[in-house]
file structure-v2.pdb (PDB, C-alpha atoms)
ATOM      1  CA  MET X   1       0.711 -66.399 -96.652  1.00  0.00           C
ATOM      2  CA  ASP X   2       1.539 -68.128 -93.378  1.00  0.00           C
ATOM      3  CA  SER X   3      -1.425 -68.044 -90.995  1.00  0.00           C
ATOM      4  CA  LEU X   4       0.860 -66.526 -88.325  1.00  0.00           C
ATOM      5  CA  THR X   5       1.991 -63.652 -90.552  1.00  0.00           C
ATOM      6  CA  PRO X   6       0.203 -60.428 -89.544  1.00  0.00           C
ATOM      7  CA  THR X   7      -1.951 -58.868 -92.243  1.00  0.00           C
ATOM      8  CA  ALA X   8      -1.660 -55.180 -93.173  1.00  0.00           C
ATOM      9  CA  PRO X   9      -4.826 -54.297 -91.214  1.00  0.00           C
ATOM     10  CA  ASP X  10      -3.479 -56.170 -88.185  1.00  0.00           C
ATOM     11  CA  LEU X  11      -0.186 -54.288 -88.378  1.00  0.00           C
ATOM     12  CA  LEU X  12      -1.967 -50.940 -88.632  1.00  0.00           C
ATOM     13  CA  GLU X  13      -4.142 -51.771 -85.665  1.00  0.00           C
ATOM     14  CA  ALA X  14      -1.056 -52.699 -83.642  1.00  0.00           C
ATOM     15  CA  GLN X  15       0.608 -49.434 -84.651  1.00  0.00           C
ATOM     16  CA  ARG X  16      -2.466 -47.458 -83.610  1.00  0.00           C
ATOM     17  CA  ARG X  17      -2.603 -49.239 -80.295  1.00  0.00           C
ATOM     18  CA  GLN X  18       1.079 -48.494 -79.653  1.00  0.00           C
ATOM     19  CA  ALA X  19       0.581 -44.870 -80.695  1.00  0.00           C
ATOM     20  CA  ARG X  20      -2.201 -44.505 -78.139  1.00  0.00           C
ATOM     21  CA  ILE X  21      -0.088 -46.093 -75.404  1.00  0.00           C
ATOM     22  CA  ASP X  22       2.870 -43.822 -76.115  1.00  0.00           C
ATOM     23  CA  LEU X  23       0.778 -40.651 -76.173  1.00  0.00           C
ATOM     24  CA  ALA X  24      -0.994 -41.621 -72.951  1.00  0.00           C
ATOM     25  CA  ALA X  25       2.405 -42.270 -71.363  1.00  0.00           C
ATOM     26  CA  ALA X  26       3.556 -38.781 -72.369  1.00  0.00           C
ATOM     27  CA  HIS X  27       0.581 -37.240 -70.553  1.00  0.00           C
ATOM     28  CA  ARG X  28       1.316 -39.192 -67.379  1.00  0.00           C
ATOM     29  CA  LEU X  29       5.007 -38.262 -67.535  1.00  0.00           C
ATOM     30  CA  ALA X  30       4.078 -34.609 -67.990  1.00  0.00           C
ATOM     31  CA  VAL X  31       2.245 -34.765 -64.652  1.00  0.00           C
ATOM     32  CA  LEU X  32       5.258 -36.312 -62.934  1.00  0.00           C
ATOM     33  CA  ASP X  33       7.604 -33.775 -64.549  1.00  0.00           C
ATOM     34  CA  ASP X  34       5.272 -30.806 -63.820  1.00  0.00           C
ATOM     35  CA  TYR X  35       4.866 -29.884 -67.478  1.00  0.00           C
ATOM     36  CA  HIS X  36       1.039 -29.766 -67.389  1.00  0.00           C
ATOM     37  CA  GLU X  37      -1.744 -27.438 -66.244  1.00  0.00           C
ATOM     38  CA  ALA X  38      -4.282 -30.013 -64.987  1.00  0.00           C
ATOM     39  CA  ILE X  39      -6.755 -30.237 -67.902  1.00  0.00           C
ATOM     40  CA  ASP X  40      -5.079 -27.656 -70.136  1.00  0.00           C
ATOM     41  CA  ASN X  41      -2.300 -27.769 -72.769  1.00  0.00           C
ATOM     42  CA  HIS X  42      -2.303 -30.428 -75.473  1.00  0.00           C
ATOM     43  CA  PHE X  43      -0.279 -33.279 -76.944  1.00  0.00           C
ATOM     44  CA  THR X  44      -1.130 -34.747 -80.356  1.00  0.00           C
ATOM     45  CA  LEU X  45       0.079 -37.664 -82.469  1.00  0.00           C
ATOM     46  CA  LEU X  46      -0.836 -38.520 -86.052  1.00  0.00           C
ATOM     47  CA  VAL X  47      -2.986 -41.630 -86.431  1.00  0.00           C
ATOM     48  CA  PRO X  48      -1.071 -44.342 -88.328  1.00  0.00           C
ATOM     49  CA  GLY X  49      -2.630 -45.007 -91.724  1.00  0.00           C
ATOM     50  CA  ARG X  50      -5.243 -42.248 -91.442  1.00  0.00           C
ATOM     51  CA  PRO X  51      -3.970 -39.018 -93.016  1.00  0.00           C
ATOM     52  CA  GLY X  52      -5.372 -35.782 -91.645  1.00  0.00           C
ATOM     53  CA  ARG X  53      -6.188 -37.192 -88.201  1.00  0.00           C
ATOM     54  CA  PHE X  54      -4.486 -37.058 -84.824  1.00  0.00           C
ATOM     55  CA  TYR X  55      -4.957 -38.441 -81.339  1.00  0.00           C
ATOM     56  CA  LEU X  56      -5.693 -35.816 -78.684  1.00  0.00           C
ATOM     57  CA  ASN X  57      -6.440 -35.804 -74.969  1.00  0.00           C
ATOM     58  CA  GLU X  58     -10.132 -35.309 -74.268  1.00  0.00           C
ATOM     59  CA  PHE X  59     -10.648 -31.827 -72.819  1.00  0.00           C
ATOM     60  CA  GLY X  60     -11.813 -31.938 -69.205  1.00  0.00           C
ATOM     61  CA  LEU X  61      -9.753 -34.924 -68.097  1.00  0.00           C
ATOM     62  CA  HIS X  62      -6.876 -34.324 -65.733  1.00  0.00           C
ATOM     63  CA  TRP X  63      -3.724 -35.522 -67.444  1.00  0.00           C
ATOM     64  CA  ASN X  64      -3.338 -38.142 -64.747  1.00  0.00           C
ATOM     65  CA  GLU X  65      -6.621 -39.639 -66.029  1.00  0.00           C
ATOM     66  CA  VAL X  66      -5.515 -39.950 -69.653  1.00  0.00           C
ATOM     67  CA  THR X  67      -5.324 -43.526 -70.909  1.00  0.00           C
ATOM     68  CA  ALA X  68      -4.650 -45.134 -74.267  1.00  0.00           C
ATOM     69  CA  SER X  69      -8.340 -45.894 -74.729  1.00  0.00           C
ATOM     70  CA  ASN X  70      -9.812 -42.506 -73.784  1.00  0.00           C
ATOM     71  CA  LEU X  71      -7.742 -40.485 -76.234  1.00  0.00           C
ATOM     72  CA  ILE X  72      -9.975 -39.093 -78.961  1.00  0.00           C
ATOM     73  CA  GLU X  73      -9.297 -39.175 -82.692  1.00  0.00           C
ATOM     74  CA  VAL X  74      -9.732 -35.788 -84.340  1.00  0.00           C
ATOM     75  CA  ALA X  75      -9.690 -34.652 -87.967  1.00  0.00           C
ATOM     76  CA  PHE X  76      -7.637 -31.592 -88.871  1.00  0.00           C
ATOM     77  CA  ASP X  77     -10.887 -29.622 -89.259  1.00  0.00           C
ATOM     78  CA  GLY X  78     -11.747 -30.312 -85.615  1.00  0.00           C
ATOM     79  CA  THR X  79     -14.318 -33.086 -86.097  1.00  0.00           C
ATOM     80  CA  VAL X  80     -14.123 -35.791 -83.414  1.00  0.00           C
ATOM     81  CA  VAL X  81     -14.235 -38.965 -85.496  1.00  0.00           C
ATOM     82  CA  GLU X  82     -13.590 -41.516 -82.767  1.00  0.00           C
ATOM     83  CA  GLY X  83     -14.073 -41.445 -79.004  1.00  0.00           C
ATOM     84  CA  THR X  84     -16.176 -39.256 -76.768  1.00  0.00           C
ATOM     85  CA  GLY X  85     -15.630 -35.872 -75.197  1.00  0.00           C
ATOM     86  CA  PRO X  86     -14.741 -32.437 -76.552  1.00  0.00           C
ATOM     87  CA  ALA X  87     -11.639 -31.424 -78.458  1.00  0.00           C
ATOM     88  CA  ASP X  88     -10.050 -28.213 -77.219  1.00  0.00           C
ATOM     89  CA  ARG X  89     -10.410 -25.522 -79.889  1.00  0.00           C
ATOM     90  CA  SER X  90      -6.908 -24.147 -79.459  1.00  0.00           C
ATOM     91  CA  ALA X  91      -5.467 -27.660 -79.787  1.00  0.00           C
ATOM     92  CA  ILE X  92      -7.067 -27.983 -83.211  1.00  0.00           C
ATOM     93  CA  CYS X  93      -6.042 -24.507 -84.345  1.00  0.00           C
ATOM     94  CA  ILE X  94      -2.425 -24.858 -83.198  1.00  0.00           C
ATOM     95  CA  HIS X  95      -1.693 -28.506 -83.859  1.00  0.00           C
ATOM     96  CA  ALA X  96      -3.394 -29.191 -87.197  1.00  0.00           C
ATOM     97  CA  PRO X  97      -1.465 -26.460 -89.079  1.00  0.00           C
ATOM     98  CA  ILE X  98       1.833 -27.465 -87.442  1.00  0.00           C
ATOM     99  CA  HIS X  99       1.314 -31.140 -88.290  1.00  0.00           C
ATOM    100  CA  GLU X 100       0.487 -30.161 -91.882  1.00  0.00           C
ATOM    101  CA  ALA X 101       3.321 -27.668 -92.346  1.00  0.00           C
ATOM    102  CA  THR X 102       6.137 -29.588 -90.645  1.00  0.00           C
ATOM    103  CA  GLY X 103       5.099 -33.160 -91.307  1.00  0.00           C
ATOM    104  CA  ALA X 104       5.850 -33.945 -87.662  1.00  0.00           C
ATOM    105  CA  ALA X 105       4.068 -36.983 -86.268  1.00  0.00           C
ATOM    106  CA  CYS X 106       4.041 -35.639 -82.704  1.00  0.00           C
ATOM    107  CA  VAL X 107       3.339 -32.079 -81.546  1.00  0.00           C
ATOM    108  CA  LEU X 108       3.610 -31.170 -77.852  1.00  0.00           C
ATOM    109  CA  HIS X 109       2.400 -27.833 -76.496  1.00  0.00           C
ATOM    110  CA  THR X 110       2.904 -26.940 -72.838  1.00  0.00           C
ATOM    111  CA  HIS X 111       3.131 -24.038 -70.440  1.00  0.00           C
ATOM    112  CA  MET X 112       5.848 -25.807 -68.452  1.00  0.00           C
ATOM    113  CA  PRO X 113       7.262 -23.539 -65.754  1.00  0.00           C
ATOM    114  CA  TYR X 114      10.836 -22.708 -66.682  1.00  0.00           C
ATOM    115  CA  ALA X 115      10.384 -22.502 -70.451  1.00  0.00           C
ATOM    116  CA  THR X 116       7.298 -20.350 -69.927  1.00  0.00           C
ATOM    117  CA  ALA X 117       9.176 -18.137 -67.472  1.00  0.00           C
ATOM    118  CA  LEU X 118      11.859 -17.625 -70.114  1.00  0.00           C
ATOM    119  CA  SER X 119       9.119 -16.800 -72.655  1.00  0.00           C
ATOM    120  CA  GLN X 120       8.033 -13.912 -70.405  1.00  0.00           C
ATOM    121  CA  LEU X 121      11.376 -12.148 -70.672  1.00  0.00           C
ATOM    122  CA  GLU X 122      11.985  -9.429 -73.244  1.00  0.00           C
ATOM    123  CA  ASP X 123      14.768 -11.617 -74.632  1.00  0.00           C
ATOM    124  CA  MET X 124      13.616 -15.234 -74.415  1.00  0.00           C
ATOM    125  CA  THR X 125      16.593 -16.707 -76.273  1.00  0.00           C
ATOM    126  CA  LEU X 126      17.747 -20.102 -75.068  1.00  0.00           C
ATOM    127  CA  GLU X 127      21.452 -19.465 -74.642  1.00  0.00           C
ATOM    128  CA  MET X 128      24.222 -21.922 -75.389  1.00  0.00           C
ATOM    129  CA  THR X 129      25.606 -22.070 -71.863  1.00  0.00           C
ATOM    130  CA  GLY X 130      24.864 -25.679 -70.930  1.00  0.00           C
ATOM    131  CA  GLN X 131      25.430 -29.023 -72.620  1.00  0.00           C
ATOM    132  CA  GLY X 132      21.729 -29.877 -72.569  1.00  0.00           C
ATOM    133  CA  ALA X 133      20.912 -26.763 -74.575  1.00  0.00           C
ATOM    134  CA  LEU X 134      23.425 -27.433 -77.337  1.00  0.00           C
ATOM    135  CA  GLN X 135      21.140 -29.854 -79.186  1.00  0.00           C
ATOM    136  CA  PHE X 136      18.782 -26.920 -79.805  1.00  0.00           C
ATOM    137  CA  GLU X 137      21.392 -24.596 -81.310  1.00  0.00           C
ATOM    138  CA  GLY X 138      19.957 -23.189 -84.539  1.00  0.00           C
ATOM    139  CA  ARG X 139      16.783 -25.274 -84.151  1.00  0.00           C
ATOM    140  CA  ILE X 140      14.495 -22.907 -82.213  1.00  0.00           C
ATOM    141  CA  ALA X 141      12.071 -20.395 -83.718  1.00  0.00           C
ATOM    142  CA  TYR X 142      10.886 -17.426 -81.640  1.00  0.00           C
ATOM    143  CA  ASP X 143       7.379 -15.971 -81.782  1.00  0.00           C
ATOM    144  CA  TYR X 144       7.337 -12.535 -80.137  1.00  0.00           C
ATOM    145  CA  ASP X 145       3.784 -11.678 -81.275  1.00  0.00           C
ATOM    146  CA  TYR X 146       1.420 -12.966 -78.605  1.00  0.00           C
ATOM    147  CA  ASN X 147      -2.133 -12.740 -79.979  1.00  0.00           C
ATOM    148  CA  GLY X 148      -4.243 -14.252 -77.190  1.00  0.00           C
ATOM    149  CA  PHE X 149      -6.018 -17.593 -77.428  1.00  0.00           C
ATOM    150  CA  ALA X 150      -5.525 -19.489 -80.683  1.00  0.00           C
ATOM    151  CA  HIS X 151      -9.155 -19.938 -81.700  1.00  0.00           C
ATOM    152  CA  GLU X 152      -8.627 -19.639 -85.458  1.00  0.00           C
ATOM    153  CA  HIS X 153      -6.652 -21.815 -87.856  1.00  0.00           C
ATOM    154  CA  ALA X 154      -4.985 -18.665 -89.177  1.00  0.00           C
ATOM    155  CA  GLU X 155      -3.187 -18.268 -85.847  1.00  0.00           C
ATOM    156  CA  GLY X 156      -1.859 -21.830 -86.013  1.00  0.00           C
ATOM    157  CA  GLU X 157      -0.822 -21.269 -89.621  1.00  0.00           C
ATOM    158  CA  ARG X 158       1.097 -18.168 -88.534  1.00  0.00           C
ATOM    159  CA  MET X 159       2.889 -20.204 -85.853  1.00  0.00           C
ATOM    160  CA  ALA X 160       3.648 -23.015 -88.286  1.00  0.00           C
ATOM    161  CA  ALA X 161       5.141 -20.561 -90.798  1.00  0.00           C
ATOM    162  CA  LEU X 162       7.346 -19.096 -88.074  1.00  0.00           C
ATOM    163  CA  MET X 163       8.440 -22.557 -86.997  1.00  0.00           C
ATOM    164  CA  GLY X 164       9.737 -23.453 -90.441  1.00  0.00           C
ATOM    165  CA  ASP X 165      12.267 -26.296 -90.227  1.00  0.00           C
ATOM    166  CA  ASN X 166      12.874 -25.860 -86.492  1.00  0.00           C
ATOM    167  CA  ILE X 167      11.946 -28.379 -83.809  1.00  0.00           C
ATOM    168  CA  VAL X 168      10.960 -25.861 -81.109  1.00  0.00           C
ATOM    169  CA  LEU X 169       8.780 -22.760 -81.130  1.00  0.00           C
ATOM    170  CA  MET X 170       9.233 -20.451 -78.147  1.00  0.00           C
ATOM    171  CA  MET X 171       6.000 -18.481 -77.758  1.00  0.00           C
ATOM    172  CA  ALA X 172       6.256 -15.106 -76.029  1.00  0.00           C
ATOM    173  CA  ASN X 173       4.088 -14.771 -72.898  1.00  0.00           C
ATOM    174  CA  HIS X 174       2.722 -18.245 -73.550  1.00  0.00           C
ATOM    175  CA  GLY X 175       4.848 -21.390 -73.590  1.00  0.00           C
ATOM    176  CA  VAL X 176       6.432 -23.748 -76.108  1.00  0.00           C
ATOM    177  CA  VAL X 177       5.732 -26.140 -78.965  1.00  0.00           C
ATOM    178  CA  VAL X 178       8.078 -29.077 -79.514  1.00  0.00           C
ATOM    179  CA  ILE X 179       7.795 -31.533 -82.395  1.00  0.00           C
ATOM    180  CA  GLY X 180       9.230 -34.924 -83.266  1.00  0.00           C
ATOM    181  CA  ASP X 181       8.933 -37.929 -85.535  1.00  0.00           C
ATOM    182  CA  THR X 182       7.799 -40.029 -82.569  1.00  0.00           C
ATOM    183  CA  VAL X 183       6.412 -39.430 -79.098  1.00  0.00           C
ATOM    184  CA  ALA X 184       9.731 -40.620 -77.678  1.00  0.00           C
ATOM    185  CA  GLN X 185      11.733 -38.106 -79.687  1.00  0.00           C
ATOM    186  CA  ALA X 186       9.376 -35.187 -79.030  1.00  0.00           C
ATOM    187  CA  TYR X 187       9.059 -35.864 -75.303  1.00  0.00           C
ATOM    188  CA  ARG X 188      12.793 -36.233 -74.759  1.00  0.00           C
ATOM    189  CA  ARG X 189      13.289 -32.921 -76.542  1.00  0.00           C
ATOM    190  CA  LEU X 190      10.647 -31.378 -74.291  1.00  0.00           C
ATOM    191  CA  TYR X 191      12.440 -32.786 -71.254  1.00  0.00           C
ATOM    192  CA  PHE X 192      15.831 -31.356 -72.212  1.00  0.00           C
ATOM    193  CA  LEU X 193      14.317 -28.035 -73.262  1.00  0.00           C
ATOM    194  CA  GLU X 194      12.749 -27.522 -69.840  1.00  0.00           C
ATOM    195  CA  ARG X 195      15.939 -28.534 -68.040  1.00  0.00           C
ATOM    196  CA  SER X 196      17.965 -26.193 -70.242  1.00  0.00           C
ATOM    197  CA  CYS X 197      15.616 -23.281 -69.527  1.00  0.00           C
ATOM    198  CA  ARG X 198      15.782 -24.073 -65.821  1.00  0.00           C
ATOM    199  CA  THR X 199      19.567 -24.134 -65.595  1.00  0.00           C
ATOM    200  CA  GLN X 200      19.812 -20.960 -67.698  1.00  0.00           C
ATOM    201  CA  LEU X 201      17.462 -19.140 -65.346  1.00  0.00           C
ATOM    202  CA  PHE X 202      19.367 -20.450 -62.326  1.00  0.00           C
ATOM    203  CA  GLY X 203      22.561 -19.075 -63.838  1.00  0.00           C
ATOM    204  CA  MET X 204      20.914 -15.727 -64.602  1.00  0.00           C
ATOM    205  CA  TRP X 205      19.600 -15.459 -61.044  1.00  0.00           C
ATOM    206  CA  THR X 206      23.113 -15.602 -59.611  1.00  0.00           C
ATOM    207  CA  GLY X 207      23.842 -12.228 -61.199  1.00  0.00           C
ATOM    208  CA  GLN X 208      27.283 -13.514 -62.184  1.00  0.00           C
ATOM    209  CA  ARG X 209      28.810 -13.443 -65.659  1.00  0.00           C
ATOM    210  CA  ARG X 210      27.912 -16.612 -67.520  1.00  0.00           C
ATOM    211  CA  ARG X 211      30.200 -18.756 -69.648  1.00  0.00           C
ATOM    212  CA  PHE X 212      29.038 -19.417 -73.232  1.00  0.00           C
ATOM    213  CA  VAL X 213      30.122 -22.428 -75.288  1.00  0.00           C
ATOM    214  CA  ALA X 214      32.636 -21.434 -77.967  1.00  0.00           C
ATOM    215  CA  PRO X 215      31.497 -21.457 -81.626  1.00  0.00           C
ATOM    216  CA  ASP X 216      34.047 -24.095 -82.611  1.00  0.00           C
ATOM    217  CA  VAL X 217      32.719 -26.404 -79.898  1.00  0.00           C
ATOM    218  CA  LEU X 218      29.160 -25.813 -81.130  1.00  0.00           C
ATOM    219  CA  GLU X 219      30.281 -26.911 -84.584  1.00  0.00           C
ATOM    220  CA  LYS X 220      31.979 -29.978 -83.095  1.00  0.00           C
ATOM    221  CA  MET X 221      28.778 -30.843 -81.210  1.00  0.00           C
ATOM    222  CA  ARG X 222      26.760 -30.658 -84.430  1.00  0.00           C
ATOM    223  CA  GLU X 223      29.060 -33.255 -85.951  1.00  0.00           C
ATOM    224  CA  GLN X 224      28.954 -35.438 -82.851  1.00  0.00           C
ATOM    225  CA  ALA X 225      25.150 -35.318 -82.788  1.00  0.00           C
ATOM    226  CA  SER X 226      24.997 -37.179 -86.112  1.00  0.00           C
ATOM    227  CA  TRP X 227      27.148 -40.068 -84.852  1.00  0.00           C
ATOM    228  CA  LYS X 228      25.338 -43.363 -84.319  1.00  0.00           C
ATOM    229  CA  ASP X 229      26.700 -45.805 -81.754  1.00  0.00           C
ATOM    230  CA  PRO X 230      26.744 -49.208 -83.509  1.00  0.00           C
ATOM    231  CA  THR X 231      26.364 -51.002 -80.173  1.00  0.00           C
ATOM    232  CA  MET X 232      22.984 -49.375 -79.508  1.00  0.00           C
ATOM    233  CA  ALA X 233      19.860 -51.142 -80.761  1.00  0.00           C
ATOM    234  CA  MET X 234      17.703 -48.004 -80.461  1.00  0.00           C
ATOM    235  CA  SER X 235      18.064 -44.233 -80.448  1.00  0.00           C
ATOM    236  CA  GLY X 236      18.747 -42.366 -77.226  1.00  0.00           C
ATOM    237  CA  SER X 237      15.162 -41.086 -77.298  1.00  0.00           C
ATOM    238  CA  ASP X 238      13.795 -44.612 -77.586  1.00  0.00           C
ATOM    239  CA  TYR X 239      15.943 -45.848 -74.690  1.00  0.00           C
ATOM    240  CA  TYR X 240      14.823 -42.882 -72.584  1.00  0.00           C
ATOM    241  CA  PHE X 241      11.136 -43.295 -73.321  1.00  0.00           C
ATOM    242  CA  ALA X 242      11.204 -47.066 -72.833  1.00  0.00           C
ATOM    243  CA  ALA X 243      12.757 -46.536 -69.389  1.00  0.00           C
ATOM    244  CA  MET X 244      10.086 -43.983 -68.482  1.00  0.00           C
ATOM    245  CA  LYS X 245       7.309 -46.327 -69.594  1.00  0.00           C
ATOM    246  CA  ARG X 246       8.793 -49.105 -67.443  1.00  0.00           C
ATOM    247  CA  MET X 247       8.515 -46.738 -64.494  1.00  0.00           C
ATOM    248  CA  LEU X 248       4.875 -46.076 -65.369  1.00  0.00           C
ATOM    249  CA  ASP X 249       4.264 -49.823 -65.737  1.00  0.00           C
ATOM    250  CA  ARG X 250       5.349 -50.238 -62.132  1.00  0.00           C
ATOM    251  CA  THR X 251       3.560 -47.246 -60.640  1.00  0.00           C
ATOM    252  CA  GLN X 252       0.460 -46.479 -62.751  1.00  0.00           C
ATOM    253  CA  PRO X 253      -0.045 -49.209 -65.336  1.00  0.00           C
ATOM    254  CA  ASP X 254      -3.588 -48.084 -66.124  1.00  0.00           C
ATOM    255  CA  TYR X 255      -2.160 -45.508 -68.586  1.00  0.00           C
ATOM    256  CA  ALA X 256      -1.938 -48.323 -71.169  1.00  0.00           C
ATOM    257  CA  GLU X 257      -5.526 -49.483 -70.756  1.00  0.00           C
TER     258      GLU X 257
END
call {"tool": "encode", "arguments": {"input": "structure-v2.pdb", "output": "structure tokens"}}
result
Amino acid sequence: MDSLTPTAPDLLEAQRRQARIDLAAAHRLAVLDDYHEAIDNHFTLLVPGRPGRFYLNEFGLHWNEVTASNLIEVAFDGTVVEGTGPADRSAICIHAPIHEATGAACVLHTHMPYATALSQLEDMTLEMTGQGALQFEGRIAYDYDYNGFAHEHAEGERMAALMGDNIVLMMANHGVVVIGDTVAQAYRRLYFLERSCRTQLFGMWTGQRRRFVAPDVLEKMREQASWKDPTMAMSGSDYYFAAMKRMLDRTQPDYAE
């Protein structure tokens, strides 16, 4: 083997380092986008090469203090196996079952304002009235049974079962869960979900009749969503997240430390 060729352990370590950087970036962006509640809510990401473990923000840190190095590594049973500081109990009970059931690498749970406001309505359906919402058509599960704080794995297992093959779980009186194969994919979905909830509520507040997208257009959009532009080197999510990290590099580069 060439001395310059990375070994498997080196590659895994690089992947873990990048995973930490991306998850820390998501926390900082959530502050800028107003998706956080200071020290509450939780984002998790599976640890590359270590099944049954995820990175989690240390409870007690403001999300603007989260860095790549102060994320903790937590086993699905709640044991902190690397890093210092406590792991929020509800993060373990919600995220571990969802990671296990869906296979998603990244699980984001927030009480972001507009999505949470929609979750407080008797009918919290995200309606197909705006282009940004169309990507979620048929991909949202709805949990209308609010049971208080999720302090038992059974509650997370119930949520995971409801979520099924969907990418979003709208949680009545609570907030949302969004999943993805990468931080970039999950965060961009979170971004568009909040914007879609916001514009829907704005439309509802006018008191005027709203215009829904026709079923045949929804079907057309499903087909268009699978199209890959051959001129693009990355996915739209990767381009988006790379741009957001460049902004962080200019304004608060310590997130990657």
call {"tool": "atom_distance", "arguments": {"input": "structure-v2.pdb", "atom1": "atom CA of Tyr142 of chain X", "atom2": "atom CA of Ala101 of chain X"}}
result
16.6 Å
call {"tool": "residues_around", "arguments": {"input": "structure-v2.pdb", "residues": "Tyr255 of chain X", "least_positions_apart": "6", "cutoff": "8 Å", "atoms": "only C-alpha atoms", "output": "PyMOL selection string"}}
result
chain X and resi 21+24-25+28+65-68+248
call {"tool": "write_last_selection", "arguments": {"input": "structure-v2.pdb", "atoms": "C-alpha atoms", "output": "PDB file, in the frame of the given file"}}
result
ATOM      1  CA  ILE X  21      -0.088 -46.093 -75.404  1.00  0.00           C
ATOM      2  CA  ALA X  24      -0.994 -41.621 -72.951  1.00  0.00           C
ATOM      3  CA  ALA X  25       2.405 -42.270 -71.363  1.00  0.00           C
ATOM      4  CA  ARG X  28       1.316 -39.192 -67.379  1.00  0.00           C
ATOM      5  CA  GLU X  65      -6.621 -39.639 -66.029  1.00  0.00           C
ATOM      6  CA  VAL X  66      -5.515 -39.950 -69.653  1.00  0.00           C
ATOM      7  CA  THR X  67      -5.324 -43.526 -70.909  1.00  0.00           C
ATOM      8  CA  ALA X  68      -4.650 -45.134 -74.267  1.00  0.00           C
ATOM      9  CA  LEU X 248       4.875 -46.076 -65.369  1.00  0.00           C
TER      10      LEU X 248
END
call {"tool": "closest_residue", "arguments": {"input": "structure-v2.pdb", "among": "X:Ala75, X:Val217, X:Val176, X:Ala160", "to": "Thr102 of chain X", "atoms": "only C-alpha atoms"}}
result
X:Ala160
call {"tool": "resolve_selection", "arguments": {"input": "structure-v2.pdb", "expression": "the PyMOL selection byres ((chain X and resi 79) around 12)", "output": "PyMOL selection string"}}
result
chain X and resi 52-56+72-78+80-89+92+96
call {"tool": "resolve_selection", "arguments": {"input": "structure-v2.pdb", "expression": "the PyMOL selection byres ((chain X and resi 124) around 12)", "output": "short mmCIF file (atom, residue, chain, number, x, y, z; two decimals) with C-alpha atoms, in the frame of the given file"}}
result
data_model
loop_
_atom_site.label_atom_id
_atom_site.label_comp_id
_atom_site.auth_asym_id
_atom_site.auth_seq_id
_atom_site.Cartn_x
_atom_site.Cartn_y
_atom_site.Cartn_z
CA TYR X 114 10.84 -22.71 -66.68
CA ALA X 115 10.38 -22.50 -70.45
CA THR X 116 7.30 -20.35 -69.93
CA ALA X 117 9.18 -18.14 -67.47
CA LEU X 118 11.86 -17.62 -70.11
CA SER X 119 9.12 -16.80 -72.66
CA GLN X 120 8.03 -13.91 -70.40
CA LEU X 121 11.38 -12.15 -70.67
CA GLU X 122 11.98 -9.43 -73.24
CA ASP X 123 14.77 -11.62 -74.63
CA THR X 125 16.59 -16.71 -76.27
CA LEU X 126 17.75 -20.10 -75.07
CA GLU X 127 21.45 -19.46 -74.64
CA ILE X 140 14.50 -22.91 -82.21
CA ALA X 141 12.07 -20.40 -83.72
CA TYR X 142 10.89 -17.43 -81.64
CA ASP X 143 7.38 -15.97 -81.78
CA TYR X 144 7.34 -12.54 -80.14
CA LEU X 169 8.78 -22.76 -81.13
CA MET X 170 9.23 -20.45 -78.15
CA MET X 171 6.00 -18.48 -77.76
CA ALA X 172 6.26 -15.11 -76.03
CA ASN X 173 4.09 -14.77 -72.90
CA HIS X 174 2.72 -18.24 -73.55
CA GLY X 175 4.85 -21.39 -73.59
CA VAL X 176 6.43 -23.75 -76.11
CA CYS X 197 15.62 -23.28 -69.53
CA GLN X 200 19.81 -20.96 -67.70
CA LEU X 201 17.46 -19.14 -65.35
#
call {"tool": "residues_around", "arguments": {"input": "structure-v2.pdb", "residues": "Asp238 of chain X", "least_positions_apart": "2", "cutoff": "12 Å", "atoms": "only C-alpha atoms", "output": "compact mmCIF listing (two decimals) with C-alpha atoms, in the frame of the given file"}}
result
# COMPACT_ATOMS: atom_id res chain seq x y z
CA ASP X 22 2.87 -43.82 -76.11
CA ASP X 181 8.93 -37.93 -85.54
CA THR X 182 7.80 -40.03 -82.57
CA VAL X 183 6.41 -39.43 -79.10
CA ALA X 184 9.73 -40.62 -77.68
CA GLN X 185 11.73 -38.11 -79.69
CA ALA X 186 9.38 -35.19 -79.03
CA TYR X 187 9.06 -35.86 -75.30
CA ARG X 188 12.79 -36.23 -74.76
CA ARG X 189 13.29 -32.92 -76.54
CA MET X 232 22.98 -49.38 -79.51
CA ALA X 233 19.86 -51.14 -80.76
CA MET X 234 17.70 -48.00 -80.46
CA SER X 235 18.06 -44.23 -80.45
CA GLY X 236 18.75 -42.37 -77.23
CA TYR X 240 14.82 -42.88 -72.58
CA PHE X 241 11.14 -43.30 -73.32
CA ALA X 242 11.20 -47.07 -72.83
CA ALA X 243 12.76 -46.54 -69.39
CA MET X 244 10.09 -43.98 -68.48
CA LYS X 245 7.31 -46.33 -69.59
call {"tool": "atom_distance", "arguments": {"input": "structure-v2.pdb", "atom1": "atom CA of Ala225 of chain X", "atom2": "atom CA of Arg210 of chain X"}}
result
24.3 Å
call {"tool": "axis_aligned_box", "arguments": {"input": "structure-v2.pdb", "around": "segment 102-105 of chain X", "padding_each_side": "4 Å", "output": "AutoDock Vina command-line options"}}
result
--center_x 5.1 --center_y -33.3 --center_z -88.8 --size_x 10.1 --size_y 15.4 --size_z 13.0
